[in-house]
Amino acid sequence: MRGLFVVVEGLDRAGKSTQVSRLASALDAKAIKFPGNIPREDRTTAIGKMIDSYLVQQSELDDRAIHLLFSANRWEARQGIVTCLESGKNIVCDRYAFSGIAYSCAKGLSYQWCKAPDVGLPEPDVTIFLDLSVEEASRRGGYGEERYESVSMQSKVREAFAQIRKDMPQGKWVVVDAGKSVDEVAAECESVVRSLAKPSSASLAPLFAQ
Ligand code: TMP
Ligand code: MG
């Protein structure tokens, strides 16, 4: 039996990192994140370095170029994800292709264009969207210096996530109210995953293939 592939999505400051580590320990899962392999973590790739430099505003890139780098950063992790799941280990992943679409659509790129590079990645068994109003997110410790951390950008990102939700097959996208206490949110996330059916096949379906 392969492991479960669970993704956690949401705006900046929705509490994703906290909930990903809580959920990963509850499920004895491997925790991963995107963007990954960036210089602020232990391992780096050339793509991770370019993304990091863009996010901390040390470099400028065309909107489409950075979009493709975020996608390439997921593709370079694909084999590792598949191998881990096939070995029977669960994965809890902080952001995935949905963030890729939401943030680039928020900048004005078209939905279909944004979706295309991620078609065929391993499809998560479920994506938990930690839902928080933009106002509340901005009150949580305020935004830092990173690109995208502004109320106007986050409002557009939230709208784009709403569009993605409409596009998702039944049961693949579950909204959890992230305004509750850390323990309450953690319990809800865990119950979402516990209520999932066991994976019906050993291999993962391709994302956005329908
Ligand atoms: P982080 O705060 O979760 O480390 O993510 C860094 C920023 O990158 C965050 O503002 C969301 C953005 N992002 C994209 O624009 N596209 C993507 O594909 C991903 C994974 C993140
Ligand atoms: Mg962030």
# chains A, B, ... in the order shown; residues from 1 in each chain; ligands from 1
>>> residues_near_ligand(ligand="ligand 2", cutoff="10 Å", atoms="only C-alpha atoms and all ligand atoms", output="PyMOL selection string")
chain A and resi 11-14+16-17+35+55+143-149
>>> residues_around(residues="Trp173 (chain A)", least_positions_apart="4", cutoff="10 Å", atoms="only C-alpha atoms", output="list in words")
Val7, Val8, Glu9, Pro124, Asp125, Val126, Thr127, Ile128, Phe129, Ile164, Arg165, Lys166, Asp167, Met168 and Pro169 of chain A
>>> residues_near_ligand(ligand="ligand 1", cutoff="6 Å", atoms="only C-alpha atoms and all ligand atoms", output="PyMOL selection string")
chain A and resi 12+34-35+70+95-97+99-100+103+148
>>> select_by_dssp(residues="region 83-198 of chain A", states="strand (DSSP E or B)", output="MDAnalysis selection string")
chainID A and resid 91:94 122 126:131 173:177
>>> residues_around(residues="Asp118 (chain A)", least_positions_apart="6", cutoff="12 Å", atoms="only C-alpha atoms", output="PyMOL selection string")
chain A and resi 67-76+78+96-101+112+206-209
>>> select_by_dssp(residues="region 6-96 of chain A", states="alpha helix (DSSP H)", output="ChimeraX atom specification")
/A:16-26,46-55,63-86
>>> write_last_selection(atoms="C-alpha atoms", output="PDB file, in the first residue's frame")
ATOM      1  CA  LYS A  16       0.661  26.318   7.214  1.00  0.00           C
ATOM      2  CA  SER A  17       4.096  25.509   8.645  1.00  0.00           C
ATOM      3  CA  THR A  18       2.703  24.896  12.145  1.00  0.00           C
ATOM      4  CA  GLN A  19      -0.110  22.714  10.826  1.00  0.00           C
ATOM      5  CA  VAL A  20       2.129  20.819   8.413  1.00  0.00           C
ATOM      6  CA  SER A  21       4.474  19.824  11.216  1.00  0.00           C
ATOM      7  CA  ARG A  22       1.571  18.911  13.528  1.00  0.00           C
ATOM      8  CA  LEU A  23      -0.088  16.830  10.826  1.00  0.00           C
ATOM      9  CA  ALA A  24       3.159  15.180   9.767  1.00  0.00           C
ATOM     10  CA  SER A  25       3.839  13.997  13.307  1.00  0.00           C
ATOM     11  CA  ALA A  26       0.240  12.833  13.776  1.00  0.00           C
ATOM     12  CA  ALA A  46      20.144  25.923  -8.766  1.00  0.00           C
ATOM     13  CA  ILE A  47      16.404  26.449  -9.203  1.00  0.00           C
ATOM     14  CA  GLY A  48      15.869  26.871  -5.455  1.00  0.00           C
ATOM     15  CA  LYS A  49      18.562  29.557  -5.353  1.00  0.00           C
ATOM     16  CA  MET A  50      16.941  31.517  -8.178  1.00  0.00           C
ATOM     17  CA  ILE A  51      13.531  31.359  -6.495  1.00  0.00           C
ATOM     18  CA  ASP A  52      14.961  32.461  -3.160  1.00  0.00           C
ATOM     19  CA  SER A  53      16.790  35.393  -4.650  1.00  0.00           C
ATOM     20  CA  TYR A  54      13.574  36.498  -6.388  1.00  0.00           C
ATOM     21  CA  LEU A  55      11.462  36.171  -3.230  1.00  0.00           C
ATOM     22  CA  ASP A  63       6.377  36.795 -14.239  1.00  0.00           C
ATOM     23  CA  ARG A  64       6.251  33.797 -16.549  1.00  0.00           C
ATOM     24  CA  ALA A  65       9.892  32.891 -15.944  1.00  0.00           C
ATOM     25  CA  ILE A  66       9.448  32.767 -12.167  1.00  0.00           C
ATOM     26  CA  HIS A  67       6.216  30.824 -12.602  1.00  0.00           C
ATOM     27  CA  LEU A  68       8.072  28.169 -14.586  1.00  0.00           C
ATOM     28  CA  LEU A  69      10.874  28.032 -12.016  1.00  0.00           C
ATOM     29  CA  PHE A  70       8.364  27.340  -9.213  1.00  0.00           C
ATOM     30  CA  SER A  71       6.929  24.548 -11.374  1.00  0.00           C
ATOM     31  CA  ALA A  72      10.385  23.175 -12.237  1.00  0.00           C
ATOM     32  CA  ASN A  73      11.150  23.132  -8.501  1.00  0.00           C
ATOM     33  CA  ARG A  74       8.201  20.738  -8.090  1.00  0.00           C
ATOM     34  CA  TRP A  75       9.240  18.608 -11.077  1.00  0.00           C
ATOM     35  CA  GLU A  76      12.759  18.199  -9.688  1.00  0.00           C
ATOM     36  CA  ALA A  77      11.149  16.845  -6.484  1.00  0.00           C
ATOM     37  CA  ARG A  78       8.735  14.508  -8.309  1.00  0.00           C
ATOM     38  CA  GLN A  79      10.804  11.340  -8.234  1.00  0.00           C
ATOM     39  CA  GLY A  80      11.546  11.751  -4.525  1.00  0.00           C
ATOM     40  CA  ILE A  81       7.832  12.158  -3.764  1.00  0.00           C
ATOM     41  CA  VAL A  82       6.885   9.094  -5.805  1.00  0.00           C
ATOM     42  CA  THR A  83       9.619   6.941  -4.262  1.00  0.00           C
ATOM     43  CA  CYS A  84       8.622   7.972  -0.746  1.00  0.00           C
ATOM     44  CA  LEU A  85       4.909   7.267  -1.313  1.00  0.00           C
ATOM     45  CA  GLU A  86       5.614   3.963  -3.021  1.00  0.00           C
TER      46      GLU A  86
END
>>> atom_distance(atom1="CA of Ala205 (chain A)", atom2="CA of Arg2 (chain A)")
12.4 Å
>>> residues_around(residues="Ala137 (chain A)", least_positions_apart="2", cutoff="10 Å", atoms="only C-alpha atoms", output="PDB file with C-alpha atoms, in the first residue's frame")
ATOM      1  CA  LEU A  11      -2.302  32.525   2.203  1.00  0.00           C
ATOM      2  CA  ASP A  12       0.966  33.662   3.776  1.00  0.00           C
ATOM      3  CA  ARG A  13       0.453  33.624   7.608  1.00  0.00           C
ATOM      4  CA  ALA A  14      -2.437  31.141   7.483  1.00  0.00           C
ATOM      5  CA  GLY A  15      -0.486  28.836   9.811  1.00  0.00           C
ATOM      6  CA  ASP A 131      -8.823  29.599   5.151  1.00  0.00           C
ATOM      7  CA  LEU A 132      -8.156  32.950   6.800  1.00  0.00           C
ATOM      8  CA  SER A 133      -9.331  36.437   5.899  1.00  0.00           C
ATOM      9  CA  VAL A 134      -6.671  38.723   4.476  1.00  0.00           C
ATOM     10  CA  GLU A 135      -7.223  41.140   7.377  1.00  0.00           C
ATOM     11  CA  ARG A 139      -2.634  40.997  11.807  1.00  0.00           C
ATOM     12  CA  ARG A 140      -0.682  37.822  12.549  1.00  0.00           C
ATOM     13  CA  GLY A 141       2.731  39.294  13.157  1.00  0.00           C
ATOM     14  CA  GLY A 142       2.524  41.553  10.141  1.00  0.00           C
ATOM     15  CA  TYR A 143       4.122  40.962   6.791  1.00  0.00           C
ATOM     16  CA  VAL A 151      -2.708  43.085   1.685  1.00  0.00           C
ATOM     17  CA  GLN A 154      -2.934  38.539  -0.715  1.00  0.00           C
ATOM     18  CA  ALA A 178      -7.725  28.703  10.054  1.00  0.00           C
ATOM     19  CA  GLY A 179      -9.070  31.382  12.425  1.00  0.00           C
TER      20      GLY A 179
END
>>> closest_residue(among="A:Val92, A:Pro117, A:Thr45, A:Glu123", to="Leu27 (chain A)", atoms="only C-alpha atoms")
A:Val92
>>> decode(residues="region 135-149 of chain A", atoms="N, CA and C atoms", output="tab-separated table (two decimals), in the first residue's frame")
chain	number	residue	atom	x	y	z
A	135	GLU	N	-7.41	40.22	6.24
A	135	GLU	CA	-7.22	41.14	7.38
A	135	GLU	C	-6.60	40.39	8.55
A	136	GLU	N	-7.18	39.23	8.85
A	136	GLU	CA	-6.66	38.47	9.98
A	136	GLU	C	-5.23	37.98	9.71
A	137	ALA	N	-4.97	37.54	8.48
A	137	ALA	CA	-3.62	37.09	8.14
A	137	ALA	C	-2.62	38.22	8.36
A	138	SER	N	-2.99	39.43	7.96
A	138	SER	CA	-2.04	40.55	8.06
A	138	SER	C	-1.84	40.97	9.52
A	139	ARG	N	-2.80	40.68	10.38
A	139	ARG	CA	-2.63	41.00	11.81
A	139	ARG	C	-1.70	40.02	12.50
A	140	ARG	N	-1.54	38.84	11.93
A	140	ARG	CA	-0.68	37.82	12.55
A	140	ARG	C	0.80	38.14	12.38
A	141	GLY	N	1.31	39.01	13.20
A	141	GLY	CA	2.73	39.29	13.16
A	141	GLY	C	3.15	40.20	12.01
A	142	GLY	N	2.21	40.62	11.22
A	142	GLY	CA	2.52	41.55	10.14
A	142	GLY	C	3.30	40.88	9.03
A	143	TYR	N	3.39	41.53	7.91
A	143	TYR	CA	4.12	40.96	6.79
A	143	TYR	C	5.56	41.45	6.80
A	144	GLY	N	6.43	40.60	6.30
A	144	GLY	CA	7.84	40.95	6.25
A	144	GLY	C	8.22	41.63	4.95
A	145	GLU	N	9.44	41.40	4.57
A	145	GLU	CA	10.02	42.09	3.42
A	145	GLU	C	9.87	41.27	2.14
A	146	GLU	N	9.33	40.05	2.27
A	146	GLU	CA	9.27	39.21	1.07
A	146	GLU	C	8.24	39.69	0.08
A	147	ARG	N	8.55	39.45	-1.16
A	147	ARG	CA	7.64	39.70	-2.25
A	147	ARG	C	6.30	39.02	-1.94
A	148	TYR	N	5.23	39.61	-2.33
A	148	TYR	CA	3.86	39.08	-2.20
A	148	TYR	C	3.24	39.32	-0.83
A	149	GLU	N	4.06	39.77	0.16
A	149	GLU	CA	3.51	39.93	1.50
A	149	GLU	C	2.88	41.31	1.65
